[in-house]
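Here is the file protein-v2.tsv (TSV, C-alpha atoms and all ligand atoms).
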```
chain	number	residue	atom	x	y	z
A	1	MET	CA	-5.54	-79.75	17.82
A	2	LYS	CA	-3.25	-80.17	20.80
A	3	TYR	CA	0.40	-80.58	19.93
A	4	LEU	CA	3.22	-81.65	22.22
A	5	VAL	CA	6.57	-80.48	20.84
A	6	THR	CA	9.54	-82.03	22.63
A	7	GLY	CA	12.57	-79.81	22.19
A	8	GLY	CA	10.15	-76.94	21.61
A	9	ALA	CA	12.55	-74.32	22.99
A	10	GLY	CA	15.26	-75.36	20.55
A	11	PHE	CA	16.13	-73.95	17.16
A	12	ILE	CA	13.72	-75.90	14.93
A	13	GLY	CA	11.27	-76.66	17.77
A	14	SER	CA	10.65	-72.98	18.53
A	15	HIS	CA	9.91	-72.24	14.87
A	16	LEU	CA	7.57	-75.23	14.80
A	17	CYS	CA	5.73	-73.98	17.91
A	18	GLU	CA	5.25	-70.56	16.29
A	19	TYR	CA	4.01	-72.18	13.09
A	20	LEU	CA	1.48	-74.36	14.94
A	21	LEU	CA	0.17	-71.49	17.07
A	22	ALA	CA	-0.26	-69.37	13.94
A	23	ARG	CA	-2.55	-72.12	12.61
A	24	GLY	CA	-4.73	-72.09	15.70
A	25	HIS	CA	-3.35	-75.19	17.43
A	26	GLN	CA	-2.61	-75.46	21.15
A	27	VAL	CA	1.01	-76.17	21.85
A	28	THR	CA	2.88	-77.56	24.84
A	29	ALA	CA	6.65	-77.51	24.57
A	30	LEU	CA	8.67	-79.91	26.72
A	31	ASP	CA	12.30	-78.88	26.93
A	32	ASP	CA	15.10	-79.23	29.48
A	33	LEU	CA	16.75	-76.08	28.10
A	34	SER	CA	20.05	-77.91	27.65
A	35	THR	CA	20.68	-76.45	24.19
A	36	GLY	CA	17.35	-74.63	23.83
A	37	SER	CA	16.52	-71.36	25.59
A	38	LEU	CA	13.73	-69.11	26.83
A	39	GLU	CA	15.03	-66.50	24.41
A	40	ASN	CA	14.01	-68.79	21.51
A	41	ILE	CA	10.36	-68.74	22.60
A	42	LYS	CA	10.08	-65.14	23.69
A	43	SER	CA	7.66	-64.28	20.84
A	44	ILE	CA	5.16	-66.96	21.96
A	45	LYS	CA	5.60	-67.35	25.70
A	46	THR	CA	2.60	-65.17	26.52
A	47	ASN	CA	0.41	-66.69	23.80
A	48	PRO	CA	-2.61	-68.25	25.62
A	49	GLY	CA	-2.38	-71.33	23.40
A	50	PHE	CA	1.20	-72.02	24.47
A	51	GLN	CA	2.81	-73.53	27.55
A	52	LEU	CA	6.37	-74.53	28.27
A	53	VAL	CA	7.17	-77.40	30.60
A	54	VAL	CA	10.81	-77.37	31.66
A	55	ASP	CA	11.65	-81.02	32.17
A	56	THR	CA	13.33	-83.89	30.40
A	57	VAL	CA	12.00	-86.55	28.05
A	58	LEU	CA	13.82	-88.95	30.38
A	59	ASN	CA	11.17	-88.22	33.05
A	60	HIS	CA	8.57	-90.95	32.42
A	61	SER	CA	5.72	-89.63	34.53
A	62	VAL	CA	5.88	-86.04	33.26
A	63	LEU	CA	6.12	-87.26	29.70
A	64	ALA	CA	3.23	-89.71	30.07
A	65	GLY	CA	1.01	-86.93	31.43
A	66	LEU	CA	1.87	-84.57	28.59
A	67	VAL	CA	1.46	-87.21	25.89
A	68	SER	CA	-1.92	-88.27	27.23
A	69	GLY	CA	-3.14	-84.67	26.96
A	70	ALA	CA	-2.00	-84.26	23.34
A	71	ASP	CA	-3.35	-85.30	19.94
A	72	ILE	CA	-0.04	-85.18	18.08
A	73	ILE	CA	3.55	-85.37	19.32
A	74	CYS	CA	6.41	-83.84	17.38
A	75	HIS	CA	9.54	-85.32	18.93
A	76	LEU	CA	12.50	-83.02	18.37
A	77	ALA	CA	14.25	-83.23	21.75
A	78	ALA	CA	17.69	-84.69	21.24
A	79	ALA	CA	21.35	-84.19	21.81
A	80	VAL	CA	21.96	-82.59	18.46
A	81	GLY	CA	24.98	-82.58	16.24
A	82	VAL	CA	28.14	-84.51	15.85
A	83	LYS	CA	30.24	-82.20	18.05
A	84	ASN	CA	27.81	-82.59	20.93
A	85	ILE	CA	27.91	-86.37	20.75
A	86	ILE	CA	31.69	-86.43	20.44
A	87	GLU	CA	32.07	-84.31	23.58
A	88	ASN	CA	29.27	-85.85	25.71
A	89	PRO	CA	28.76	-89.36	24.34
A	90	LEU	CA	27.00	-90.97	27.28
A	91	GLN	CA	24.40	-88.30	28.00
A	92	SER	CA	23.79	-87.75	24.28
A	93	LEU	CA	23.18	-91.41	23.50
A	94	LYS	CA	20.91	-91.75	26.51
A	95	THR	CA	18.85	-88.69	25.54
A	96	ASN	CA	18.47	-89.79	21.96
A	97	VAL	CA	17.65	-93.44	22.50
A	98	GLU	CA	15.91	-93.53	25.89
A	99	GLY	CA	14.10	-90.23	25.21
A	100	THR	CA	12.59	-91.58	22.00
A	101	LEU	CA	11.71	-94.88	23.62
A	102	ASN	CA	9.88	-92.98	26.37
A	103	VAL	CA	7.92	-90.87	23.89
A	104	LEU	CA	6.85	-93.91	21.87
A	105	GLU	CA	5.94	-95.91	24.96
A	106	ALA	CA	3.87	-93.01	26.30
A	107	ALA	CA	1.89	-92.94	23.04
A	108	VAL	CA	0.89	-96.63	23.27
A	109	PRO	CA	-2.26	-96.30	25.45
A	110	SER	CA	-4.02	-93.70	23.28
A	111	GLY	CA	-2.16	-94.06	19.99
A	112	GLN	CA	-1.26	-90.41	19.42
A	113	ARG	CA	0.55	-89.67	16.18
A	114	VAL	CA	4.31	-89.30	16.71
A	115	VAL	CA	6.40	-87.32	14.22
A	116	LEU	CA	10.03	-88.26	14.75
A	117	THR	CA	12.83	-85.98	13.57
A	118	SER	CA	15.70	-88.08	12.33
A	119	THR	CA	18.73	-86.94	10.38
A	120	SER	CA	20.54	-87.32	7.07
A	121	GLU	CA	23.49	-88.48	9.21
A	122	VAL	CA	21.93	-91.96	9.06
A	123	TYR	CA	23.17	-92.26	5.46
A	124	GLY	CA	26.67	-92.00	6.89
A	125	LYS	CA	29.47	-92.49	4.40
A	126	ASN	CA	27.24	-93.69	1.61
A	127	GLU	CA	28.56	-92.14	-1.61
A	128	ASN	CA	25.49	-92.96	-3.63
A	129	VAL	CA	24.02	-89.43	-3.83
A	130	PRO	CA	21.36	-88.19	-3.96
A	131	PHE	CA	20.21	-90.18	-0.91
A	132	SER	CA	16.81	-91.79	-1.26
A	133	GLU	CA	15.11	-93.19	1.81
A	134	GLU	CA	15.89	-96.81	0.92
A	135	ASN	CA	19.63	-96.18	0.55
A	136	ASP	CA	22.02	-98.15	2.74
A	137	MET	CA	23.35	-96.73	5.97
A	138	VAL	CA	27.14	-96.81	5.74
A	139	LEU	CA	28.46	-96.08	9.19
A	140	GLY	CA	31.97	-96.18	10.58
A	141	PRO	CA	33.24	-98.17	13.57
A	142	THR	CA	31.90	-97.78	17.11
A	143	THR	CA	35.35	-96.62	18.23
A	144	ILE	CA	34.76	-93.36	16.35
A	145	ARG	CA	32.34	-91.37	18.45
A	146	ARG	CA	30.89	-89.28	15.65
A	147	TRP	CA	28.98	-92.32	14.42
A	148	GLY	CA	27.11	-92.50	17.72
A	149	TYR	CA	24.84	-89.66	16.60
A	150	ALA	CA	23.86	-91.41	13.36
A	151	CYS	CA	23.49	-94.72	15.18
A	152	SER	CA	21.30	-93.26	17.93
A	153	LYS	CA	19.02	-91.62	15.38
A	154	ALA	CA	18.90	-94.78	13.27
A	155	LEU	CA	17.94	-96.75	16.37
A	156	ASP	CA	15.19	-94.16	17.02
A	157	GLU	CA	13.86	-94.91	13.54
A	158	PHE	CA	13.92	-98.67	14.19
A	159	LEU	CA	12.10	-98.13	17.47
A	160	ALA	CA	9.47	-95.92	15.86
A	161	LEU	CA	8.81	-98.43	13.09
A	162	ALA	CA	8.65	-101.28	15.62
A	163	TYR	CA	6.13	-99.36	17.77
A	164	PHE	CA	4.13	-98.76	14.59
A	165	SER	CA	4.02	-102.39	13.54
A	166	GLU	CA	3.71	-104.03	16.96
A	167	LYS	CA	1.92	-101.45	19.13
A	168	LYS	CA	-0.02	-99.59	16.40
A	169	VAL	CA	1.45	-96.23	17.34
A	170	PRO	CA	1.00	-94.09	14.22
A	171	VAL	CA	4.48	-92.78	13.52
A	172	VAL	CA	6.01	-90.82	10.69
A	173	ILE	CA	9.71	-90.11	10.32
A	174	GLY	CA	11.28	-86.99	8.83
A	175	ARG	CA	14.99	-87.25	8.00
A	176	LEU	CA	16.21	-83.70	8.20
A	177	PHE	CA	19.19	-82.54	6.20
A	178	ASN	CA	21.25	-79.52	7.38
A	179	THR	CA	18.73	-76.95	8.52
A	180	ILE	CA	19.58	-73.28	8.94
A	181	GLY	CA	17.82	-70.17	10.17
A	182	PRO	CA	17.61	-67.64	12.98
A	183	ARG	CA	18.25	-69.02	16.51
A	184	GLN	CA	20.56	-71.78	15.36
A	185	THR	CA	23.70	-71.52	17.40
A	186	GLY	CA	27.24	-72.12	16.17
A	187	ARG	CA	28.27	-73.50	19.55
A	188	TYR	CA	27.76	-77.11	18.60
A	189	GLY	CA	29.71	-77.01	15.36
A	190	MET	CA	26.93	-76.05	12.93
A	191	VAL	CA	28.71	-74.59	9.95
A	192	VAL	CA	26.47	-71.70	8.82
A	193	PRO	CA	26.08	-69.90	12.16
A	194	ARG	CA	29.77	-70.47	12.81
A	195	PHE	CA	30.81	-68.89	9.50
A	196	VAL	CA	28.37	-65.99	9.88
A	197	GLY	CA	29.54	-65.31	13.46
A	198	GLN	CA	33.18	-65.36	12.36
A	199	ALA	CA	32.56	-63.17	9.29
A	200	LEU	CA	30.60	-60.52	11.21
A	201	ALA	CA	33.19	-60.44	14.01
A	202	GLY	CA	36.01	-60.03	11.48
A	203	GLU	CA	37.58	-63.27	12.71
A	204	GLU	CA	39.11	-65.93	10.47
A	205	ILE	CA	36.47	-68.06	8.78
A	206	THR	CA	37.59	-71.61	9.50
A	207	VAL	CA	36.88	-74.22	6.86
A	208	TYR	CA	37.46	-77.75	8.12
A	209	GLY	CA	39.46	-79.93	5.73
A	210	ASP	CA	39.98	-79.02	2.08
A	211	GLY	CA	36.56	-77.35	1.77
A	212	LYS	CA	35.68	-79.39	-1.31
A	213	GLN	CA	33.09	-81.40	0.59
A	214	THR	CA	29.58	-80.31	-0.43
A	215	ARG	CA	26.42	-79.80	1.56
A	216	SER	CA	22.87	-78.61	0.96
A	217	PHE	CA	21.02	-76.39	3.41
A	218	THR	CA	17.31	-76.13	4.09
A	219	TYR	CA	15.77	-72.99	5.51
A	220	VAL	CA	13.92	-73.65	8.75
A	221	SER	CA	10.53	-72.45	7.48
A	222	ASP	CA	10.62	-75.15	4.78
A	223	VAL	CA	11.44	-77.81	7.38
A	224	VAL	CA	8.68	-76.70	9.73
A	225	ALA	CA	6.10	-76.63	6.94
A	226	ALA	CA	7.11	-80.17	5.96
A	227	LEU	CA	6.89	-81.44	9.55
A	228	TYR	CA	3.45	-79.89	9.83
A	229	LEU	CA	2.18	-81.58	6.68
A	230	LEU	CA	3.66	-84.89	7.83
A	231	SER	CA	1.85	-84.48	11.15
A	232	GLN	CA	-1.51	-83.88	9.47
A	233	ASN	CA	-1.58	-86.36	6.60
A	234	LYS	CA	-3.22	-89.69	7.44
A	235	ASN	CA	-2.00	-91.54	4.36
A	236	ILE	CA	1.67	-91.56	5.20
A	237	ILE	CA	1.73	-93.32	8.55
A	238	GLY	CA	4.74	-95.61	8.95
A	239	GLY	CA	6.65	-93.68	6.28
A	240	VAL	CA	10.19	-92.29	6.24
A	241	PHE	CA	10.75	-89.02	4.39
A	242	ASN	CA	13.78	-86.91	3.53
A	243	ILE	CA	13.30	-83.21	4.29
A	244	GLY	CA	15.92	-81.10	2.59
A	245	ASN	CA	16.98	-78.92	-0.30
A	246	THR	CA	18.80	-80.02	-3.44
A	247	GLU	CA	20.90	-76.86	-3.92
A	248	GLU	CA	24.47	-78.07	-3.41
A	249	ILE	CA	27.51	-76.00	-2.46
A	250	THR	CA	31.08	-76.75	-1.40
A	251	ILE	CA	32.03	-75.62	2.10
A	252	ARG	CA	34.75	-73.38	0.63
A	253	GLU	CA	32.19	-71.69	-1.63
A	254	LEU	CA	29.88	-71.36	1.35
A	255	ALA	CA	32.62	-69.55	3.29
A	256	GLU	CA	33.17	-67.20	0.34
A	257	LYS	CA	29.45	-66.57	-0.04
A	258	VAL	CA	29.01	-65.80	3.66
A	259	LYS	CA	32.04	-63.48	3.57
A	260	MET	CA	30.62	-61.66	0.56
A	261	LEU	CA	27.08	-61.35	1.95
A	262	CYS	CA	28.44	-60.10	5.29
A	263	ARG	CA	30.75	-57.66	3.45
A	264	SER	CA	33.47	-59.01	5.72
A	265	ASP	CA	37.26	-58.63	5.52
A	266	SER	CA	37.78	-61.94	7.32
A	267	ARG	CA	40.40	-64.32	5.95
A	268	ILE	CA	39.23	-67.79	5.02
A	269	VAL	CA	41.55	-70.41	6.52
A	270	HIS	CA	41.56	-74.19	6.42
A	271	LEU	CA	41.87	-76.33	9.54
A	272	PRO	CA	42.69	-80.04	9.33
A	273	MET	CA	39.73	-82.21	10.35
A	274	GLU	CA	41.80	-83.85	13.13
A	275	GLU	CA	42.44	-80.43	14.67
A	276	ALA	CA	38.83	-79.33	14.41
A	277	TYR	CA	37.51	-82.39	16.20
A	278	ARG	CA	39.18	-84.67	18.70
A	279	ASP	CA	38.66	-88.39	18.60
A	280	GLY	CA	39.20	-89.58	15.05
A	281	PHE	CA	36.84	-87.60	12.89
A	282	GLU	CA	35.44	-88.72	9.56
A	283	ASP	CA	33.66	-86.41	7.18
A	284	MET	CA	31.34	-87.07	4.27
A	285	ARG	CA	32.17	-85.63	0.86
A	286	ARG	CA	28.60	-85.04	-0.31
A	287	ARG	CA	25.19	-85.10	1.30
A	288	LEU	CA	22.25	-84.46	-0.95
A	289	PRO	CA	18.62	-85.57	-0.59
A	290	ASP	CA	16.39	-87.22	-3.12
A	291	LEU	CA	13.09	-85.44	-2.47
A	292	SER	CA	10.83	-87.40	-4.79
A	293	ARG	CA	9.08	-89.36	-2.03
A	294	ILE	CA	8.09	-86.38	0.09
A	295	LYS	CA	7.14	-84.39	-2.97
A	296	GLU	CA	4.76	-87.10	-4.07
A	297	ALA	CA	3.37	-87.69	-0.57
A	298	ILE	CA	2.69	-84.14	0.60
A	299	GLY	CA	3.68	-81.90	-2.33
A	300	TYR	CA	6.81	-80.66	-0.53
A	301	SER	CA	9.39	-78.63	-2.32
A	302	PRO	CA	11.63	-76.08	-0.59
A	303	LYS	CA	10.70	-72.45	-1.16
A	304	VAL	CA	13.73	-70.59	0.21
A	305	ASN	CA	17.01	-70.71	-1.74
A	306	LEU	CA	20.44	-70.58	-0.15
A	307	ASP	CA	21.15	-66.88	-0.81
A	308	GLU	CA	17.83	-65.85	0.73
A	309	ALA	CA	18.34	-68.20	3.66
A	310	LEU	CA	21.85	-66.87	4.34
A	311	LYS	CA	20.61	-63.27	4.15
A	312	LYS	CA	17.94	-64.05	6.75
A	313	VAL	CA	20.49	-65.72	9.03
A	314	ILE	CA	22.90	-62.79	8.67
A	315	ALA	CA	20.09	-60.29	9.38
A	316	SER	CA	19.16	-62.20	12.55
A	317	PHE	CA	22.79	-62.18	13.72
A	318	ARG	CA	22.96	-58.41	13.12
A	319	GLU	CA	19.82	-57.90	15.23
B	401	LIG	N1	19.50	-78.56	12.83
B	401	LIG	C1	19.74	-79.49	11.93
B	401	LIG	O1	20.39	-79.22	10.92
B	401	LIG	C2	19.17	-80.88	12.09
B	401	LIG	C3	19.48	-81.82	11.10
B	401	LIG	C4	18.99	-83.11	11.25
B	401	LIG	C5	18.18	-83.44	12.30
B	401	LIG	N2	17.90	-82.51	13.25
B	401	LIG	C6	17.04	-82.92	14.36
B	401	LIG	O2	16.06	-81.93	14.63
B	401	LIG	C7	15.78	-81.89	16.03
B	401	LIG	C8	15.90	-80.46	16.55
B	401	LIG	O3	17.24	-80.02	16.38
B	401	LIG	P1	17.69	-78.48	16.51
B	401	LIG	O4	18.63	-78.21	15.40
B	401	LIG	O5	16.50	-77.61	16.69
B	401	LIG	O6	18.59	-78.54	17.82
B	401	LIG	P2	18.39	-77.86	19.26
B	401	LIG	O7	19.56	-78.32	20.07
B	401	LIG	O8	18.19	-76.41	19.11
B	401	LIG	O9	17.05	-78.54	19.75
B	401	LIG	C9	16.98	-79.67	20.58
B	401	LIG	C10	16.14	-79.28	21.77
B	401	LIG	O10	15.97	-80.43	22.60
B	401	LIG	C11	16.14	-80.02	23.95
B	401	LIG	N3	16.54	-81.20	24.71
B	401	LIG	C12	17.72	-81.87	24.67
B	401	LIG	N4	17.69	-82.91	25.52
B	401	LIG	C13	16.46	-82.91	26.09
B	401	LIG	C14	15.84	-83.74	27.05
B	401	LIG	N5	16.47	-84.79	27.60
B	401	LIG	N6	14.57	-83.44	27.41
B	401	LIG	C15	13.90	-82.39	26.87
B	401	LIG	N7	14.46	-81.57	25.97
B	401	LIG	C16	15.73	-81.83	25.58
B	401	LIG	C17	17.20	-78.95	23.92
B	401	LIG	O11	17.21	-78.10	25.05
B	401	LIG	C18	16.79	-78.20	22.64
B	401	LIG	O12	15.87	-77.18	22.93
B	401	LIG	C19	16.72	-82.89	16.69
B	401	LIG	O13	16.04	-84.09	16.92
B	401	LIG	C20	17.81	-83.10	15.65
B	401	LIG	O14	18.42	-84.36	15.75
B	401	LIG	C21	18.38	-81.24	13.17
```

Structure translated into structure tokens:
Amino acid sequence: MKYLVTGGAGFIGSHLCEYLLARGHQVTALDDLSTGSLENIKSIKTNPGFQLVVDTVLNHSVLAGLVSGADIICHLAAAVGVKNIIENPLQSLKTNVEGTLNVLEAAVPSGQRVVLTSTSEVYGKNENVPFSEENDMVLGPTTIRRWGYACSKALDEFLALAYFSEKKVPVVIGRLFNTIGPRQTGRYGMVVPRFVGQALAGEEITVYGDGKQTRSFTYVSDVVAALYLLSQNKNIIGGVFNIGNTEEITIRELAEKVKMLCRSDSRIVHLPMEEAYRDGFEDMRRRLPDLSRIKEAIGYSPKVNLDEALKKVIASFRE
């Protein structure tokens, strides 16, 4: 089949492109290389089944041409992460909302399947863990920029479901929880690459806040396998699915684990949230997925545990 992967030169997108090519599909990646890179796709760039188009999902005509030539669209292009949206709110919101609108609109004439990558951020401050897909979104005020990311992704979900019900575009939504793996950069505030970079460089490992907040991390190969199954299964159209891992760890424990696995002498220090981020930051105490829906729908359960995942990330940093 012919896949269009927007954001295909990004962290998760590049792994997805590799995965699809390995299964004999043809893949076109559309990426503006804003946070993605040619380095991410170096293993596939000469593969005859692969092409990269360097352009933006905000370019209607390019997008329409690429969508019309594809069977399935995996839409990953986005301004990713809370830090990104705090620092560049306007461009980030535009990319996330208008970009998704363009992708969905381009799929109307031929009805290609669209797999949308949303985020666990949409659960916001909900304390009712684990999060199942029907849980409430509990978001903070619009004056706090960090909520713009969750809101933009939630709006993407609304748009996708509206295009499904009114325009018959077959959509499926994956809500990704924290994903980790090689090629993820720490530049945009992602905690695992940041800790690993600090530990290997012998710098202080900086835990934001008291470190008692917990997270769960999914290895990228599990995420990509789930996205693939969601893209292929005809019985789940119009569905919303958590994609994550239920192994929970506090951020302090994560820092200690990374330090130990890196055999690092780095000190672990705590930084107040307000210092780590400008513009009134709010953090969630726990974020854990309920995976029963995706397990039942496509038999998903994560294969890579946290220790293995961290070892792979550390090995890729050492390379
Ligand atoms: N990494 C995570 O933990 C995580 C968690 C939840 C959801 N997600 C979602 O998964 C998707 C991929 O995220 P990622 O972690 O690989 O981040 P990433 O930044 O590596 O990937 C995003 C890609 O989109 C590209 N891009 C940005 N704006 C674009 C535009 N206007 N036109 C074309 N390309 C554009 C970037 O260059 C980059 O290659 C995103 O939609 C993100 O919201 C990621």

Given all atoms listed in the file as the counted atoms, nearest of A:Thr6, A:Asn47, A:Ser264, A:Ser61 to ligand LIG 401 (chain B): A:Thr6

Selection as an MDAnalysis selection string: residues within 7 Å of ligand LIG 401 (chain B) by only C-alpha atoms and all ligand atoms: chainID A and resid 6:13 30:37 55:58 75:81 95 99 117:120 175:180 184

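Near Leu155 of chain A, within 10 Å and counting only C-alpha atoms, sit Asn96, Val97, Thr100, Leu101, Ser118, Val122, Tyr149, Ala150, Cys151, Leu159, Ala160 and Leu161 of chain A, not including residues fewer than 4 positions from it in the same chain.
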
Got a sec: who's within 9 Å of Ala64 of chain A, counting all atoms listed in the file, leaving out chain neighbours fewer than 5 positions off, as a CSV table (one decimal) with C-alpha atoms, in the coordinates of the input?
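selection_37.csv, written as the output of this step:
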```csv
chain,number,residue,atom,x,y,z
A,59,ASN,CA,11.2,-88.2,33.0
A,69,GLY,CA,-3.1,-84.7,27.0
A,102,ASN,CA,9.9,-93.0,26.4
A,103,VAL,CA,7.9,-90.9,23.9
A,105,GLU,CA,5.9,-95.9,25.0
A,106,ALA,CA,3.9,-93.0,26.3
A,107,ALA,CA,1.9,-92.9,23.0
```

Long-range neighbours of Pro193 of chain A as JSON, numbers by chain, 10 Å cut-off, all atoms listed in the file, 4 positions minimum in chain: {"A": [180, 181, 182, 183, 184, 185, 186, 187, 188, 189, 197, 198, 199, 258, 310, 313, 314, 317]}

Go ahead and save the residues from that selection, with C-alpha atoms, as an mmCIF file, keeping the file's coordinate frame.
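Output below, filename out_14.cif:
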```cif
data_model
loop_
_atom_site.group_PDB
_atom_site.id
_atom_site.type_symbol
_atom_site.label_atom_id
_atom_site.label_comp_id
_atom_site.auth_asym_id
_atom_site.auth_seq_id
_atom_site.Cartn_x
_atom_site.Cartn_y
_atom_site.Cartn_z
ATOM 1 C CA ILE A 180 19.580 -73.280 8.940
ATOM 2 C CA GLY A 181 17.820 -70.170 10.170
ATOM 3 C CA PRO A 182 17.610 -67.640 12.980
ATOM 4 C CA ARG A 183 18.250 -69.020 16.510
ATOM 5 C CA GLN A 184 20.560 -71.780 15.360
ATOM 6 C CA THR A 185 23.700 -71.520 17.400
ATOM 7 C CA GLY A 186 27.240 -72.120 16.170
ATOM 8 C CA ARG A 187 28.270 -73.500 19.550
ATOM 9 C CA TYR A 188 27.760 -77.110 18.600
ATOM 10 C CA GLY A 189 29.710 -77.010 15.360
ATOM 11 C CA GLY A 197 29.540 -65.310 13.460
ATOM 12 C CA GLN A 198 33.180 -65.360 12.360
ATOM 13 C CA ALA A 199 32.560 -63.170 9.290
ATOM 14 C CA VAL A 258 29.010 -65.800 3.660
ATOM 15 C CA LEU A 310 21.850 -66.870 4.340
ATOM 16 C CA VAL A 313 20.490 -65.720 9.030
ATOM 17 C CA ILE A 314 22.900 -62.790 8.670
ATOM 18 C CA PHE A 317 22.790 -62.180 13.720
#
```

Residues within 10 Å of Gln51 of chain A, only C-alpha atoms, excluding chain neighbours under 5 positions, as JSON, numbers by chain: {"A": [4, 26, 27, 28, 29, 30, 44, 45, 46]}

Some atoms are absent from segment 10-24 of chain A, so rebuild N, CA and C atoms and return them as a PDB file, in the frame of the given file.
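Generated output (part.pdb):
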```pdb
ATOM      1  N   GLY A  10      14.032 -75.280  21.351  1.00  0.00           N
ATOM      2  CA  GLY A  10      15.260 -75.360  20.550  1.00  0.00           C
ATOM      3  C   GLY A  10      15.122 -74.563  19.264  1.00  0.00           C
ATOM      4  N   PHE A  11      16.114 -74.696  18.430  1.00  0.00           N
ATOM      5  CA  PHE A  11      16.130 -73.950  17.160  1.00  0.00           C
ATOM      6  C   PHE A  11      14.911 -74.307  16.301  1.00  0.00           C
ATOM      7  N   ILE A  12      14.828 -75.527  15.836  1.00  0.00           N
ATOM      8  CA  ILE A  12      13.720 -75.900  14.930  1.00  0.00           C
ATOM      9  C   ILE A  12      12.414 -75.974  15.721  1.00  0.00           C
ATOM     10  N   GLY A  13      12.479 -76.503  16.957  1.00  0.00           N
ATOM     11  CA  GLY A  13      11.270 -76.660  17.770  1.00  0.00           C
ATOM     12  C   GLY A  13      10.555 -75.335  18.007  1.00  0.00           C
ATOM     13  N   SER A  14      11.299 -74.274  18.261  1.00  0.00           N
ATOM     14  CA  SER A  14      10.650 -72.980  18.530  1.00  0.00           C
ATOM     15  C   SER A  14       9.965 -72.437  17.271  1.00  0.00           C
ATOM     16  N   HIS A  15      10.569 -72.653  16.122  1.00  0.00           N
ATOM     17  CA  HIS A  15       9.910 -72.240  14.870  1.00  0.00           C
ATOM     18  C   HIS A  15       8.651 -73.076  14.636  1.00  0.00           C
ATOM     19  N   LEU A  16       8.737 -74.365  14.975  1.00  0.00           N
ATOM     20  CA  LEU A  16       7.570 -75.230  14.800  1.00  0.00           C
ATOM     21  C   LEU A  16       6.432 -74.777  15.724  1.00  0.00           C
ATOM     22  N   CYS A  17       6.760 -74.452  16.975  1.00  0.00           N
ATOM     23  CA  CYS A  17       5.730 -73.980  17.910  1.00  0.00           C
ATOM     24  C   CYS A  17       5.043 -72.725  17.355  1.00  0.00           C
ATOM     25  N   GLU A  18       5.821 -71.798  16.862  1.00  0.00           N
ATOM     26  CA  GLU A  18       5.250 -70.560  16.290  1.00  0.00           C
ATOM     27  C   GLU A  18       4.311 -70.887  15.127  1.00  0.00           C
ATOM     28  N   TYR A  19       4.764 -71.796  14.280  1.00  0.00           N
ATOM     29  CA  TYR A  19       4.010 -72.180  13.090  1.00  0.00           C
ATOM     30  C   TYR A  19       2.663 -72.807  13.481  1.00  0.00           C
ATOM     31  N   LEU A  20       2.706 -73.679  14.491  1.00  0.00           N
ATOM     32  CA  LEU A  20       1.480 -74.360  14.940  1.00  0.00           C
ATOM     33  C   LEU A  20       0.514 -73.372  15.583  1.00  0.00           C
ATOM     34  N   LEU A  21       1.036 -72.487  16.416  1.00  0.00           N
ATOM     35  CA  LEU A  21       0.170 -71.490  17.070  1.00  0.00           C
ATOM     36  C   LEU A  21      -0.483 -70.591  16.024  1.00  0.00           C
ATOM     37  N   ALA A  22       0.281 -70.240  15.001  1.00  0.00           N
ATOM     38  CA  ALA A  22      -0.260 -69.370  13.940  1.00  0.00           C
ATOM     39  C   ALA A  22      -1.400 -70.056  13.194  1.00  0.00           C
ATOM     40  N   ARG A  23      -1.463 -71.373  13.264  1.00  0.00           N
ATOM     41  CA  ARG A  23      -2.550 -72.120  12.610  1.00  0.00           C
ATOM     42  C   ARG A  23      -3.641 -72.509  13.593  1.00  0.00           C
ATOM     43  N   GLY A  24      -3.625 -71.921  14.758  1.00  0.00           N
ATOM     44  CA  GLY A  24      -4.730 -72.090  15.700  1.00  0.00           C
ATOM     45  C   GLY A  24      -4.630 -73.319  16.583  1.00  0.00           C
TER      46      GLY A  24
END
```
